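Working notes, structure below.
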Amino acid sequence: LISQPFKLVSREVKPEDSKFQAGPLVLGGKSIHVIAGPSSVETRDQIVGTAQGVKKAGATLLRGGAFKPHLSPYEFQGLKHDGLALLAEARRETGLPIVTEVKDTATLPQVAEVADILLLGSRNMQNYALLEAVGEVRKPVILKRGISATLKEMLMAAEYIVARGNTRVILCERGIRTFETMTPNTLDLNAVPMLKSLSHLPVFVDPSHGIGMRKAVPALMRAAVAAGADGLLVQVHPDPPRAISDGHQTLDFPEFEKAMDEVRAIAGAI
Ligand code: PEP
């Protein structure tokens, strides 16, 4: 195993699993939580309808991007403040807590006001100013693994947040860049048992970005839960081919419902 220069996030320092409050939920406990929703918030009907659909299937939190840092500056960058307002409306309608991305320190206060959990995207895993800033906020943070980051680098990034006083950090494996080119990313399921042995923090998996292919997402949902993940982050949209972003890796409601049944069966068996 790697040597452990990290301290606060280390299991050596805190042998028992971290459990903490996120909105009305306790994350990191025995039950697996599934965060589901679209890549981008698009319209009121889309986000409220998705919240209702994923809740019915068993998701316990809603995801949706309002501030979207995309690869190209010409891609949709999100509805921004209007998107946050629509997320808040979806929460009022369904009671599902909101998970949404924070892309920079300038917009952090507005995003933190609405979000129940802040999502720190893979491109920002080593944005130290943002890591320190979310470390000061009293909201849980999902830290996504950088596309070329080692597990040690990810744990050091988590250490930045915890060192500033925010102990509610969730580690999220979301696929890394490998020599394989058939899929945009390669989900590194090694990360689940490795992170859980090295750290007390909850470990989630994003199978949507992990493989980047809609049809293959349910298999990786099952695999992540079988590997011991504490939760999943899954992209779901009422009509994936029409989604503004990430439709190719997004499940529709029937696909998500079926995958959730399978996940429940696996979770019940382990
Ligand atoms: C996301 O989950 O919306 C996202 C952009 O993921 P990542 O940062 O892992 O690419």
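Each chain in the structure tokens gets a letter, A, B and so on, in the order shown; residues start at 1 in every chain, and ligands are counted from 1 in the order they appear.
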
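The shell of residues at most 9 Å from Ala133 in chain A, with only C-alpha atoms counted and near chain neighbours (fewer than 4 positions) removed, consists of Thr105, Leu108, Tyr128, Ala129, Val137, Ile161 and Arg164 of chain A.
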
Writing out the chosen residues with N, CA and C atoms as a compact mmCIF listing (two decimals), in the first residue's frame:
```
# COMPACT_ATOMS: atom_id res chain seq x y z
N THR A 105 -14.60 29.89 -6.81
CA THR A 105 -14.80 30.53 -5.50
C THR A 105 -15.78 31.71 -5.61
N LEU A 108 -19.28 30.36 -5.25
CA LEU A 108 -19.50 29.44 -4.12
C LEU A 108 -20.59 29.92 -3.14
N TYR A 128 -6.75 24.44 -5.59
CA TYR A 128 -6.53 24.56 -4.14
C TYR A 128 -7.31 25.71 -3.52
N ALA A 129 -7.50 26.78 -4.27
CA ALA A 129 -8.28 27.89 -3.73
C ALA A 129 -9.72 27.43 -3.46
N VAL A 137 -16.89 26.11 4.26
CA VAL A 137 -18.35 26.12 4.16
C VAL A 137 -18.91 24.97 4.99
N ILE A 161 -9.62 20.02 2.30
CA ILE A 161 -10.97 20.45 2.73
C ILE A 161 -11.13 20.21 4.23
N ARG A 164 -9.43 22.51 6.71
CA ARG A 164 -10.07 23.82 6.94
C ARG A 164 -11.30 23.71 7.84
```

Taking only C-alpha atoms and all ligand atoms into account, report as a list in words which residues have an atom no farther than 6 Å from an atom of ligand 1. Ser39, Gly121, Ser122, Arg123, Lys144 and Arg174 of chain A

Could you write those residues out with C-alpha atoms, as an mmCIF file, in the first residue's frame?
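Saved file again39.cif follows:
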```cif
data_model
loop_
_atom_site.group_PDB
_atom_site.id
_atom_site.type_symbol
_atom_site.label_atom_id
_atom_site.label_comp_id
_atom_site.auth_asym_id
_atom_site.auth_seq_id
_atom_site.Cartn_x
_atom_site.Cartn_y
_atom_site.Cartn_z
ATOM 1 C CA SER A 39 -26.170 16.632 -16.180
ATOM 2 C CA GLY A 121 -16.013 18.339 -10.280
ATOM 3 C CA SER A 122 -13.068 16.338 -11.547
ATOM 4 C CA ARG A 123 -11.533 19.343 -13.294
ATOM 5 C CA LYS A 144 -14.692 13.899 -7.625
ATOM 6 C CA ARG A 174 -15.708 8.860 -11.687
#
```

Looking only at the backbone, which of the residues in range 32-222 of chain A does DSSP tag as strand (DSSP E), as a PyMOL selection string? chain A and resi 33-37+61-63+98-101+117-120+141-144+169-173+203-205

If you run DSSP on this backbone, which residues of range 77-188 of chain A come out as alpha helix (DSSP H), and could you give them as a tab-separated table (two decimals) with N, CA and C atoms, in the first residue's frame?
```tsv
chain	number	residue	atom	x	y	z
A	81	HIS	N	-27.86	31.05	-12.09
A	81	HIS	CA	-28.76	31.35	-10.95
A	81	HIS	C	-30.18	30.86	-11.19
A	82	ASP	N	-30.63	30.92	-12.44
A	82	ASP	CA	-31.98	30.40	-12.74
A	82	ASP	C	-32.01	28.89	-12.50
A	83	GLY	N	-30.91	28.24	-12.80
A	83	GLY	CA	-30.83	26.79	-12.57
A	83	GLY	C	-30.89	26.47	-11.08
A	84	LEU	N	-30.23	27.28	-10.26
A	84	LEU	CA	-30.28	27.07	-8.80
A	84	LEU	C	-31.72	27.23	-8.30
A	85	ALA	N	-32.41	28.23	-8.83
A	85	ALA	CA	-33.80	28.46	-8.39
A	85	ALA	C	-34.69	27.27	-8.77
A	86	LEU	N	-34.45	26.69	-9.96
A	86	LEU	CA	-35.25	25.53	-10.38
A	86	LEU	C	-34.92	24.31	-9.51
A	87	LEU	N	-33.67	24.17	-9.13
A	87	LEU	CA	-33.30	23.06	-8.22
A	87	LEU	C	-34.03	23.21	-6.89
A	88	ALA	N	-34.07	24.44	-6.39
A	88	ALA	CA	-34.77	24.68	-5.12
A	88	ALA	C	-36.25	24.35	-5.25
A	89	GLU	N	-36.82	24.64	-6.42
A	89	GLU	CA	-38.22	24.32	-6.65
A	89	GLU	C	-38.43	22.80	-6.68
A	90	ALA	N	-37.52	22.08	-7.31
A	90	ALA	CA	-37.62	20.62	-7.36
A	90	ALA	C	-37.53	20.03	-5.94
A	91	ARG	N	-36.70	20.64	-5.11
A	91	ARG	CA	-36.60	20.17	-3.71
A	91	ARG	C	-37.91	20.44	-2.97
A	92	ARG	N	-38.50	21.62	-3.20
A	92	ARG	CA	-39.78	21.93	-2.53
A	92	ARG	C	-40.86	20.93	-2.95
A	93	GLU	N	-40.86	20.56	-4.23
A	93	GLU	CA	-41.89	19.65	-4.76
A	93	GLU	C	-41.73	18.22	-4.25
A	94	THR	N	-40.47	17.79	-4.06
A	94	THR	CA	-40.25	16.36	-3.79
A	94	THR	C	-39.60	16.08	-2.43
A	108	LEU	N	-19.28	30.36	-5.25
A	108	LEU	CA	-19.50	29.44	-4.12
A	108	LEU	C	-20.59	29.92	-3.14
A	109	PRO	N	-20.60	31.19	-2.73
A	109	PRO	CA	-21.63	31.59	-1.76
A	109	PRO	C	-23.06	31.36	-2.26
A	110	GLN	N	-23.32	31.71	-3.53
A	110	GLN	CA	-24.67	31.53	-4.07
A	110	GLN	C	-25.02	30.04	-4.20
A	111	VAL	N	-24.05	29.24	-4.65
A	111	VAL	CA	-24.32	27.80	-4.82
A	111	VAL	C	-24.54	27.15	-3.45
A	112	ALA	N	-23.71	27.54	-2.49
A	112	ALA	CA	-23.80	26.93	-1.15
A	112	ALA	C	-25.12	27.29	-0.45
A	113	GLU	N	-25.70	28.41	-0.85
A	113	GLU	CA	-26.97	28.81	-0.23
A	113	GLU	C	-28.09	27.84	-0.62
A	114	VAL	N	-28.02	27.31	-1.84
A	114	VAL	CA	-29.10	26.42	-2.32
A	114	VAL	C	-28.76	24.95	-2.12
A	128	TYR	N	-6.75	24.44	-5.59
A	128	TYR	CA	-6.53	24.56	-4.14
A	128	TYR	C	-7.31	25.71	-3.52
A	129	ALA	N	-7.50	26.78	-4.27
A	129	ALA	CA	-8.28	27.89	-3.73
A	129	ALA	C	-9.72	27.43	-3.46
A	130	LEU	N	-10.25	26.64	-4.39
A	130	LEU	CA	-11.63	26.16	-4.22
A	130	LEU	C	-11.70	25.10	-3.11
A	131	LEU	N	-10.70	24.24	-3.03
A	131	LEU	CA	-10.67	23.24	-1.95
A	131	LEU	C	-10.67	23.94	-0.59
A	132	GLU	N	-9.85	24.97	-0.47
A	132	GLU	CA	-9.79	25.69	0.81
A	132	GLU	C	-11.11	26.40	1.10
A	133	ALA	N	-11.69	26.96	0.04
A	133	ALA	CA	-12.95	27.70	0.24
A	133	ALA	C	-14.08	26.76	0.65
A	134	VAL	N	-14.21	25.59	0.02
A	134	VAL	CA	-15.28	24.68	0.44
A	134	VAL	C	-14.98	24.10	1.82
A	135	GLY	N	-13.71	24.12	2.18
A	135	GLY	CA	-13.33	23.70	3.54
A	135	GLY	C	-13.88	24.61	4.61
A	136	GLU	N	-14.22	25.85	4.22
A	136	GLU	CA	-14.75	26.83	5.18
A	136	GLU	C	-16.28	26.80	5.24
A	151	LEU	N	-4.95	7.98	-6.46
A	151	LEU	CA	-5.77	7.95	-5.24
A	151	LEU	C	-5.10	8.78	-4.13
A	152	LYS	N	-3.78	8.76	-4.12
A	152	LYS	CA	-3.06	9.54	-3.10
A	152	LYS	C	-3.33	11.04	-3.30
A	153	GLU	N	-3.30	11.47	-4.57
A	153	GLU	CA	-3.58	12.89	-4.86
A	153	GLU	C	-5.02	13.25	-4.46
A	154	MET	N	-5.93	12.31	-4.69
A	154	MET	CA	-7.33	12.56	-4.32
A	154	MET	C	-7.46	12.70	-2.80
A	155	LEU	N	-6.80	11.82	-2.09
A	155	LEU	CA	-6.89	11.90	-0.63
A	155	LEU	C	-6.22	13.17	-0.10
A	156	MET	N	-5.16	13.61	-0.77
A	156	MET	CA	-4.54	14.87	-0.35
A	156	MET	C	-5.47	16.06	-0.62
A	157	ALA	N	-6.21	15.99	-1.71
A	157	ALA	CA	-7.19	17.05	-2.01
A	157	ALA	C	-8.27	17.07	-0.92
A	158	ALA	N	-8.72	15.88	-0.51
A	158	ALA	CA	-9.72	15.79	0.57
A	158	ALA	C	-9.13	16.37	1.87
A	159	GLU	N	-7.85	16.11	2.07
A	159	GLU	CA	-7.18	16.60	3.28
A	159	GLU	C	-7.24	18.15	3.34
A	160	TYR	N	-7.11	18.80	2.17
A	160	TYR	CA	-7.22	20.27	2.11
A	160	TYR	C	-8.56	20.74	2.68
A	161	ILE	N	-9.62	20.02	2.30
A	161	ILE	CA	-10.97	20.45	2.73
A	161	ILE	C	-11.13	20.21	4.23
A	162	VAL	N	-10.75	19.02	4.67
A	162	VAL	CA	-10.94	18.66	6.08
A	162	VAL	C	-10.05	19.53	6.98
A	163	ALA	N	-8.85	19.85	6.48
A	163	ALA	CA	-7.92	20.67	7.28
A	163	ALA	C	-8.49	22.06	7.57
```

Skipping near chain neighbours, those fewer than 4 positions away, what residues fall within 8 Å of Ile47 in chain A using only C-alpha atoms, listed as a PyMOL selection string? chain A and resi 37-38+41-43+51+64+86-87+90

Go ahead and save the picked residues with N, CA and C atoms, as an mmCIF file, in the first residue's frame.
```
data_model
loop_
_atom_site.group_PDB
_atom_site.id
_atom_site.type_symbol
_atom_site.label_atom_id
_atom_site.label_comp_id
_atom_site.auth_asym_id
_atom_site.auth_seq_id
_atom_site.Cartn_x
_atom_site.Cartn_y
_atom_site.Cartn_z
ATOM 1 N N GLY A 37 -30.093 12.370 -11.437
ATOM 2 C CA GLY A 37 -30.653 13.548 -12.097
ATOM 3 C C GLY A 37 -29.831 13.883 -13.322
ATOM 4 N N PRO A 38 -30.209 14.947 -14.005
ATOM 5 C CA PRO A 38 -29.559 15.272 -15.268
ATOM 6 C C PRO A 38 -28.188 15.909 -15.084
ATOM 7 N N VAL A 41 -29.429 21.273 -15.481
ATOM 8 C CA VAL A 41 -30.807 21.746 -15.300
ATOM 9 C C VAL A 41 -31.181 22.494 -16.585
ATOM 10 N N GLU A 42 -32.347 22.135 -17.162
ATOM 11 C CA GLU A 42 -32.735 22.746 -18.441
ATOM 12 C C GLU A 42 -34.004 23.581 -18.316
ATOM 13 N N THR A 43 -35.058 22.970 -17.786
ATOM 14 C CA THR A 43 -36.341 23.670 -17.643
ATOM 15 C C THR A 43 -36.976 23.231 -16.327
ATOM 16 N N ALA A 51 -36.919 14.900 -10.765
ATOM 17 C CA ALA A 51 -36.903 14.684 -9.310
ATOM 18 C C ALA A 51 -38.001 13.694 -8.919
ATOM 19 N N GLY A 64 -28.093 17.935 -10.390
ATOM 20 C CA GLY A 64 -28.416 18.765 -11.548
ATOM 21 C C GLY A 64 -27.429 19.909 -11.591
ATOM 22 N N LEU A 86 -34.449 26.692 -9.957
ATOM 23 C CA LEU A 86 -35.245 25.528 -10.375
ATOM 24 C C LEU A 86 -34.919 24.308 -9.510
ATOM 25 N N LEU A 87 -33.672 24.171 -9.127
ATOM 26 C CA LEU A 87 -33.304 23.064 -8.224
ATOM 27 C C LEU A 87 -34.028 23.215 -6.887
ATOM 28 N N ALA A 90 -37.516 22.084 -7.313
ATOM 29 C CA ALA A 90 -37.618 20.616 -7.359
ATOM 30 C C ALA A 90 -37.529 20.034 -5.940
#
```

Pick from A:Leu232, A:Ala224, A:Ile32, A:Ile211, whichever lies nearest to Asn190 in chain A using only C-alpha atoms: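 Using only C-alpha atoms, Asn190 in chain A sits closest to A:Ala224.
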
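When CA of Val13 in chain A is paired with CA of Leu195 in chain A, their separation reads 14.3 Å.
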
Polymer residues at most 9 Å from Val34 in chain A, only C-alpha atoms, same-chain spacing of 3 or more positions, as a PyMOL selection string: chain A and resi 58-62+204+230-234+260

N, CA and C atoms of the current selection, written as a compact mmCIF listing (two decimals), in the first residue's frame:
```txt
# COMPACT_ATOMS: atom_id res chain seq x y z
N GLY A 58 -36.40 5.32 -6.18
CA GLY A 58 -35.63 5.04 -4.97
C GLY A 58 -34.41 5.92 -4.75
N ALA A 59 -34.17 6.89 -5.64
CA ALA A 59 -33.06 7.82 -5.39
C ALA A 59 -33.40 8.66 -4.15
N THR A 60 -32.38 9.02 -3.38
CA THR A 60 -32.63 9.81 -2.18
C THR A 60 -32.12 11.25 -2.30
N LEU A 61 -31.39 11.55 -3.37
CA LEU A 61 -30.93 12.93 -3.60
C LEU A 61 -31.03 13.23 -5.09
N LEU A 62 -31.19 14.52 -5.40
CA LEU A 62 -31.30 14.97 -6.79
C LEU A 62 -30.02 15.67 -7.21
N PHE A 204 -18.29 7.17 -2.94
CA PHE A 204 -19.36 7.05 -3.93
C PHE A 204 -18.72 6.76 -5.29
N ASP A 230 -20.51 3.33 -0.97
CA ASP A 230 -21.54 3.83 -0.04
C ASP A 230 -22.68 4.52 -0.78
N GLY A 231 -22.45 4.80 -2.07
CA GLY A 231 -23.50 5.48 -2.82
C GLY A 231 -23.11 5.62 -4.27
N LEU A 232 -24.07 6.08 -5.07
CA LEU A 232 -23.88 6.24 -6.51
C LEU A 232 -24.32 7.64 -6.93
N LEU A 233 -23.72 8.11 -8.00
CA LEU A 233 -24.09 9.39 -8.61
C LEU A 233 -24.41 9.07 -10.06
N VAL A 234 -25.69 9.15 -10.44
CA VAL A 234 -26.11 8.62 -11.74
C VAL A 234 -26.86 9.69 -12.53
N MET A 260 -32.12 0.30 -10.49
CA MET A 260 -32.28 0.46 -9.04
C MET A 260 -32.77 -0.84 -8.39
```

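Comparing A:His33, A:Arg214, A:Arg44, A:Lys14 by their smallest distance to Val263 in chain A, the closest is A:His33 (using only C-alpha atoms).
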
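Atom to atom, CA of Thr183 in chain A and CA of Val236 in chain A stand 19.1 Å apart.
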